[in-house]
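A.B. asks: You'll find model_5.cif just under this line, and it carries mmCIF, C-alpha atoms and all ligand atoms.
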data_final
loop_
_atom_site.group_PDB
_atom_site.id
_atom_site.type_symbol
_atom_site.label_atom_id
_atom_site.label_comp_id
_atom_site.auth_asym_id
_atom_site.auth_seq_id
_atom_site.Cartn_x
_atom_site.Cartn_y
_atom_site.Cartn_z
ATOM 1 C CA MET H 1 0.000 0.000 0.000
ATOM 2 C CA PRO H 2 1.598 3.311 -1.047
ATOM 3 C CA GLN H 3 1.701 6.194 1.394
ATOM 4 C CA PRO H 4 -1.076 8.748 0.947
ATOM 5 C CA PRO H 5 -0.087 12.266 -0.095
ATOM 6 C CA HIS H 6 0.326 15.061 2.418
ATOM 7 C CA CYS H 7 -1.565 18.329 2.696
ATOM 8 C CA PRO H 8 0.254 21.119 0.843
ATOM 9 C CA HIS H 9 -1.559 23.848 2.820
ATOM 10 C CA CYS H 10 -1.026 22.897 6.459
ATOM 11 C CA PRO H 11 2.323 23.857 8.065
ATOM 12 C CA GLU H 12 2.839 20.321 9.399
ATOM 13 C CA HIS H 13 1.707 18.655 6.153
ATOM 14 C CA PRO H 14 -0.475 15.943 7.693
ATOM 15 C CA GLN H 15 -1.324 12.834 5.728
ATOM 16 C CA LEU H 16 -4.552 13.019 3.783
ATOM 17 C CA TRP H 17 -7.472 10.690 4.380
ATOM 18 C CA LYS H 18 -9.659 9.032 1.823
ATOM 19 C CA ASP H 19 -13.141 10.503 2.060
ATOM 20 C CA THR H 20 -15.388 7.772 0.694
ATOM 21 C CA SER H 21 -18.694 9.395 1.588
ATOM 22 C CA LEU H 22 -19.400 9.830 -2.125
ATOM 23 C CA THR H 23 -18.406 6.296 -3.035
ATOM 24 C CA SER H 24 -20.969 3.724 -4.010
ATOM 25 C CA GLU H 25 -20.985 0.387 -5.807
ATOM 26 C CA ALA H 26 -21.781 2.219 -9.029
ATOM 27 C CA ASN H 27 -19.036 4.794 -8.454
ATOM 28 C CA PRO H 28 -16.169 3.079 -6.629
ATOM 29 C CA PHE H 29 -13.676 5.701 -7.823
ATOM 30 C CA ASP H 30 -15.712 8.694 -6.679
ATOM 31 C CA TRP H 31 -13.763 9.548 -3.548
ATOM 32 C CA ARG H 32 -11.755 12.565 -2.398
ATOM 33 C CA TRP H 33 -8.618 13.261 -0.443
ATOM 34 C CA TYR H 34 -9.476 14.947 2.836
ATOM 35 C CA CYS H 35 -7.273 16.914 5.243
ATOM 36 C CA THR H 36 -8.327 16.854 8.893
ATOM 37 C CA GLY H 37 -6.122 19.902 9.533
ATOM 38 C CA CYS H 38 -7.720 22.443 7.205
ATOM 39 C CA GLY H 39 -10.780 20.525 6.014
ATOM 40 C CA SER H 40 -9.799 20.755 2.348
ATOM 41 C CA ARG H 41 -10.822 18.116 -0.148
ATOM 42 C CA TRP H 42 -9.137 17.216 -3.428
ATOM 43 C CA ALA H 43 -10.139 14.997 -6.284
ATOM 44 C CA PRO H 44 -7.526 12.257 -6.748
ATOM 45 C CA THR H 45 -5.583 12.043 -9.974
ATOM 46 C CA HIS H 46 -6.267 9.220 -12.369
ATOM 47 C CA GLU H 47 -3.080 7.461 -11.243
ATOM 48 C CA GLN H 48 -4.079 7.793 -7.575
ATOM 49 C CA LYS H 49 -7.476 6.285 -8.328
ATOM 50 C CA MET H 50 -5.715 3.230 -9.721
ATOM 51 C CA ARG H 51 -3.228 2.968 -6.863
ATOM 52 C CA TYR H 52 -5.408 3.768 -3.848
ATOM 53 C CA LEU H 53 -8.482 1.732 -4.603
HETATM 54 ZN ZN ZN L 101 -4.509 20.744 5.396
#
Spell out the structure here as structure tokens.
Ligand SMILES: [Zn+2]

C.D. replies:
Amino acid sequence: MPQPPHCPHCPEHPQLWKDTSLTSEANPFDWRWYCTGCGSRWAPTHEQKMRYL
């Protein structure tokens, strides 16, 4: 399992979490990176979707 990316905004660059609240059986790739520090969300890149399933 590769390491998740880190938040570029927070001073301590915490690891991002996978927010799977949007994910469903029909849309297994529809998740976001989530930072607990600043509350930002990012859409994963295509490569990340393949690697972090
Ligand atoms: Zn952050």

A.B. asks: If you apply the PyMOL selection byres (((chain H and resi 32-34) around 8) and not hetatm) to this file, what residues do you get, as JSON, numbers by chain?

C.D. replies: {"H": [16, 17, 18, 19, 20, 30, 31, 35, 36, 39, 40, 41, 42, 43, 44]}

A.B. asks: Kindly save the residues from that selection, with C-alpha atoms included, as a PDB file, in the frame of the given file.

C.D. replies:
ATOM      1  CA  LEU H  16      -4.552  13.019   3.783  1.00  0.00           C
ATOM      2  CA  TRP H  17      -7.472  10.690   4.380  1.00  0.00           C
ATOM      3  CA  LYS H  18      -9.659   9.032   1.823  1.00  0.00           C
ATOM      4  CA  ASP H  19     -13.141  10.503   2.060  1.00  0.00           C
ATOM      5  CA  THR H  20     -15.388   7.772   0.694  1.00  0.00           C
ATOM      6  CA  ASP H  30     -15.712   8.694  -6.679  1.00  0.00           C
ATOM      7  CA  TRP H  31     -13.763   9.548  -3.548  1.00  0.00           C
ATOM      8  CA  CYS H  35      -7.273  16.914   5.243  1.00  0.00           C
ATOM      9  CA  THR H  36      -8.327  16.854   8.893  1.00  0.00           C
ATOM     10  CA  GLY H  39     -10.780  20.525   6.014  1.00  0.00           C
ATOM     11  CA  SER H  40      -9.799  20.755   2.348  1.00  0.00           C
ATOM     12  CA  ARG H  41     -10.822  18.116  -0.148  1.00  0.00           C
ATOM     13  CA  TRP H  42      -9.137  17.216  -3.428  1.00  0.00           C
ATOM     14  CA  ALA H  43     -10.139  14.997  -6.284  1.00  0.00           C
ATOM     15  CA  PRO H  44      -7.526  12.257  -6.748  1.00  0.00           C
TER      16      PRO H  44
END

A.B. asks: Each residue of chain H lying at most 6 Å from ligand ZN 101 (chain L) should get a row with its shortest atom-to-atom pair and the distance in Å to one decimal, counting all atoms listed in the file; could you produce that, ordered by chain and increasing number, as CSV?

C.D. replies:
residue,atom,partner,partner_atom,distance
H:Cys7,CA,L:ZN101,ZN,4.7
H:His9,CA,L:ZN101,ZN,5.0
H:Cys10,CA,L:ZN101,ZN,4.2
H:Cys35,CA,L:ZN101,ZN,4.7
H:Gly37,CA,L:ZN101,ZN,4.5
H:Cys38,CA,L:ZN101,ZN,4.1

A.B. asks: For His6 (chain H), work out the shell of residues within 7 Å, counting only C-alpha atoms and skipping chain neighbours fewer than 2 positions away, then give it as a JSON list (two decimals) with C-alpha atoms, in the frame of the given file.

C.D. replies:
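File produced: out09.json:
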[["chain", "number", "residue", "atom", "x", "y", "z"],
["H", 4, "PRO", "CA", -1.08, 8.75, 0.95],
["H", 8, "PRO", "CA", 0.25, 21.12, 0.84],
["H", 13, "HIS", "CA", 1.71, 18.66, 6.15],
["H", 14, "PRO", "CA", -0.48, 15.94, 7.69],
["H", 15, "GLN", "CA", -1.32, 12.83, 5.73],
["H", 16, "LEU", "CA", -4.55, 13.02, 3.78]]

A.B. asks: Check the smallest atom-to-atom distance from each of H:Ser21, H:Tyr52, H:Glu47, H:Asn27 to Pro2 (chain H) using all atoms listed in the file, then report the winner.

C.D. replies: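 Of all the options, H:Tyr52 lies closest to Pro2 (chain H).
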
A.B. asks: Please complete region 13-35 of chain H with N, CA, C and O atoms and give it back as a PDB file, in the coordinates of the input.

C.D. replies:
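The result, stored in part20.pdb:
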ATOM      1  N   HIS H  13       1.936  19.582   7.269  1.00  0.00           N
ATOM      2  CA  HIS H  13       1.707  18.655   6.153  1.00  0.00           C
ATOM      3  C   HIS H  13       1.205  17.283   6.604  1.00  0.00           C
ATOM      4  O   HIS H  13       1.869  16.258   6.395  1.00  0.00           O
ATOM      5  N   PRO H  14       0.049  17.242   7.247  1.00  0.00           N
ATOM      6  CA  PRO H  14      -0.475  15.943   7.693  1.00  0.00           C
ATOM      7  C   PRO H  14      -0.867  15.068   6.503  1.00  0.00           C
ATOM      8  O   PRO H  14      -1.149  15.559   5.414  1.00  0.00           O
ATOM      9  N   GLN H  15      -0.869  13.765   6.753  1.00  0.00           N
ATOM     10  CA  GLN H  15      -1.324  12.834   5.728  1.00  0.00           C
ATOM     11  C   GLN H  15      -2.805  13.050   5.440  1.00  0.00           C
ATOM     12  O   GLN H  15      -3.586  13.338   6.338  1.00  0.00           O
ATOM     13  N   LEU H  16      -3.153  12.873   4.176  1.00  0.00           N
ATOM     14  CA  LEU H  16      -4.552  13.019   3.783  1.00  0.00           C
ATOM     15  C   LEU H  16      -5.296  11.713   3.988  1.00  0.00           C
ATOM     16  O   LEU H  16      -4.728  10.637   3.925  1.00  0.00           O
ATOM     17  N   TRP H  17      -6.591  11.836   4.220  1.00  0.00           N
ATOM     18  CA  TRP H  17      -7.472  10.690   4.380  1.00  0.00           C
ATOM     19  C   TRP H  17      -8.298  10.506   3.118  1.00  0.00           C
ATOM     20  O   TRP H  17      -8.571  11.460   2.403  1.00  0.00           O
ATOM     21  N   LYS H  18      -8.720   9.280   2.911  1.00  0.00           N
ATOM     22  CA  LYS H  18      -9.659   9.032   1.823  1.00  0.00           C
ATOM     23  C   LYS H  18     -11.066   9.281   2.333  1.00  0.00           C
ATOM     24  O   LYS H  18     -11.523   8.620   3.263  1.00  0.00           O
ATOM     25  N   ASP H  19     -11.743  10.255   1.729  1.00  0.00           N
ATOM     26  CA  ASP H  19     -13.141  10.503   2.060  1.00  0.00           C
ATOM     27  C   ASP H  19     -13.992   9.716   1.071  1.00  0.00           C
ATOM     28  O   ASP H  19     -14.073  10.055  -0.103  1.00  0.00           O
ATOM     29  N   THR H  20     -14.616   8.650   1.582  1.00  0.00           N
ATOM     30  CA  THR H  20     -15.388   7.772   0.694  1.00  0.00           C
ATOM     31  C   THR H  20     -16.888   7.985   0.848  1.00  0.00           C
ATOM     32  O   THR H  20     -17.678   7.128   0.483  1.00  0.00           O
ATOM     33  N   SER H  21     -17.268   9.160   1.371  1.00  0.00           N
ATOM     34  CA  SER H  21     -18.694   9.395   1.588  1.00  0.00           C
ATOM     35  C   SER H  21     -19.459   9.474   0.274  1.00  0.00           C
ATOM     36  O   SER H  21     -20.682   9.315   0.253  1.00  0.00           O
ATOM     37  N   LEU H  22     -18.729   9.747  -0.822  1.00  0.00           N
ATOM     38  CA  LEU H  22     -19.400   9.830  -2.125  1.00  0.00           C
ATOM     39  C   LEU H  22     -19.371   8.499  -2.874  1.00  0.00           C
ATOM     40  O   LEU H  22     -19.998   8.344  -3.914  1.00  0.00           O
ATOM     41  N   THR H  23     -18.631   7.547  -2.322  1.00  0.00           N
ATOM     42  CA  THR H  23     -18.406   6.296  -3.035  1.00  0.00           C
ATOM     43  C   THR H  23     -19.612   5.381  -2.930  1.00  0.00           C
ATOM     44  O   THR H  23     -20.246   5.292  -1.882  1.00  0.00           O
ATOM     45  N   SER H  24     -19.906   4.708  -4.008  1.00  0.00           N
ATOM     46  CA  SER H  24     -20.969   3.724  -4.010  1.00  0.00           C
ATOM     47  C   SER H  24     -20.539   2.573  -4.904  1.00  0.00           C
ATOM     48  O   SER H  24     -19.493   2.641  -5.554  1.00  0.00           O
ATOM     49  N   GLU H  25     -21.325   1.524  -4.941  1.00  0.00           N
ATOM     50  CA  GLU H  25     -20.985   0.387  -5.807  1.00  0.00           C
ATOM     51  C   GLU H  25     -20.912   0.815  -7.256  1.00  0.00           C
ATOM     52  O   GLU H  25     -20.100   0.325  -8.030  1.00  0.00           O
ATOM     53  N   ALA H  26     -21.766   1.753  -7.647  1.00  0.00           N
ATOM     54  CA  ALA H  26     -21.781   2.219  -9.029  1.00  0.00           C
ATOM     55  C   ALA H  26     -20.619   3.156  -9.314  1.00  0.00           C
ATOM     56  O   ALA H  26     -20.175   3.265 -10.460  1.00  0.00           O
ATOM     57  N   ASN H  27     -20.124   3.825  -8.271  1.00  0.00           N
ATOM     58  CA  ASN H  27     -19.036   4.794  -8.454  1.00  0.00           C
ATOM     59  C   ASN H  27     -17.905   4.544  -7.455  1.00  0.00           C
ATOM     60  O   ASN H  27     -17.676   5.343  -6.556  1.00  0.00           O
ATOM     61  N   PRO H  28     -17.206   3.424  -7.617  1.00  0.00           N
ATOM     62  CA  PRO H  28     -16.169   3.079  -6.629  1.00  0.00           C
ATOM     63  C   PRO H  28     -14.985   4.021  -6.652  1.00  0.00           C
ATOM     64  O   PRO H  28     -14.207   4.060  -5.702  1.00  0.00           O
ATOM     65  N   PHE H  29     -14.814   4.782  -7.722  1.00  0.00           N
ATOM     66  CA  PHE H  29     -13.676   5.701  -7.823  1.00  0.00           C
ATOM     67  C   PHE H  29     -14.040   7.114  -7.398  1.00  0.00           C
ATOM     68  O   PHE H  29     -13.200   8.012  -7.432  1.00  0.00           O
ATOM     69  N   ASP H  30     -15.268   7.332  -6.989  1.00  0.00           N
ATOM     70  CA  ASP H  30     -15.712   8.694  -6.679  1.00  0.00           C
ATOM     71  C   ASP H  30     -15.434   9.036  -5.227  1.00  0.00           C
ATOM     72  O   ASP H  30     -16.333   9.173  -4.411  1.00  0.00           O
ATOM     73  N   TRP H  31     -14.148   9.164  -4.909  1.00  0.00           N
ATOM     74  CA  TRP H  31     -13.763   9.548  -3.548  1.00  0.00           C
ATOM     75  C   TRP H  31     -12.854  10.760  -3.628  1.00  0.00           C
ATOM     76  O   TRP H  31     -12.440  11.170  -4.704  1.00  0.00           O
ATOM     77  N   ARG H  32     -12.564  11.350  -2.461  1.00  0.00           N
ATOM     78  CA  ARG H  32     -11.755  12.565  -2.398  1.00  0.00           C
ATOM     79  C   ARG H  32     -10.676  12.404  -1.338  1.00  0.00           C
ATOM     80  O   ARG H  32     -10.856  11.685  -0.370  1.00  0.00           O
ATOM     81  N   TRP H  33      -9.574  13.102  -1.529  1.00  0.00           N
ATOM     82  CA  TRP H  33      -8.618  13.261  -0.443  1.00  0.00           C
ATOM     83  C   TRP H  33      -9.178  14.290   0.526  1.00  0.00           C
ATOM     84  O   TRP H  33      -9.747  15.292   0.110  1.00  0.00           O
ATOM     85  N   TYR H  34      -8.957  14.048   1.818  1.00  0.00           N
ATOM     86  CA  TYR H  34      -9.476  14.947   2.836  1.00  0.00           C
ATOM     87  C   TYR H  34      -8.407  15.238   3.870  1.00  0.00           C
ATOM     88  O   TYR H  34      -7.726  14.321   4.336  1.00  0.00           O
ATOM     89  N   CYS H  35      -8.226  16.518   4.217  1.00  0.00           N
ATOM     90  CA  CYS H  35      -7.273  16.914   5.243  1.00  0.00           C
ATOM     91  C   CYS H  35      -8.017  17.257   6.521  1.00  0.00           C
ATOM     92  O   CYS H  35      -8.887  18.139   6.520  1.00  0.00           O
TER      93      CYS H  35
END
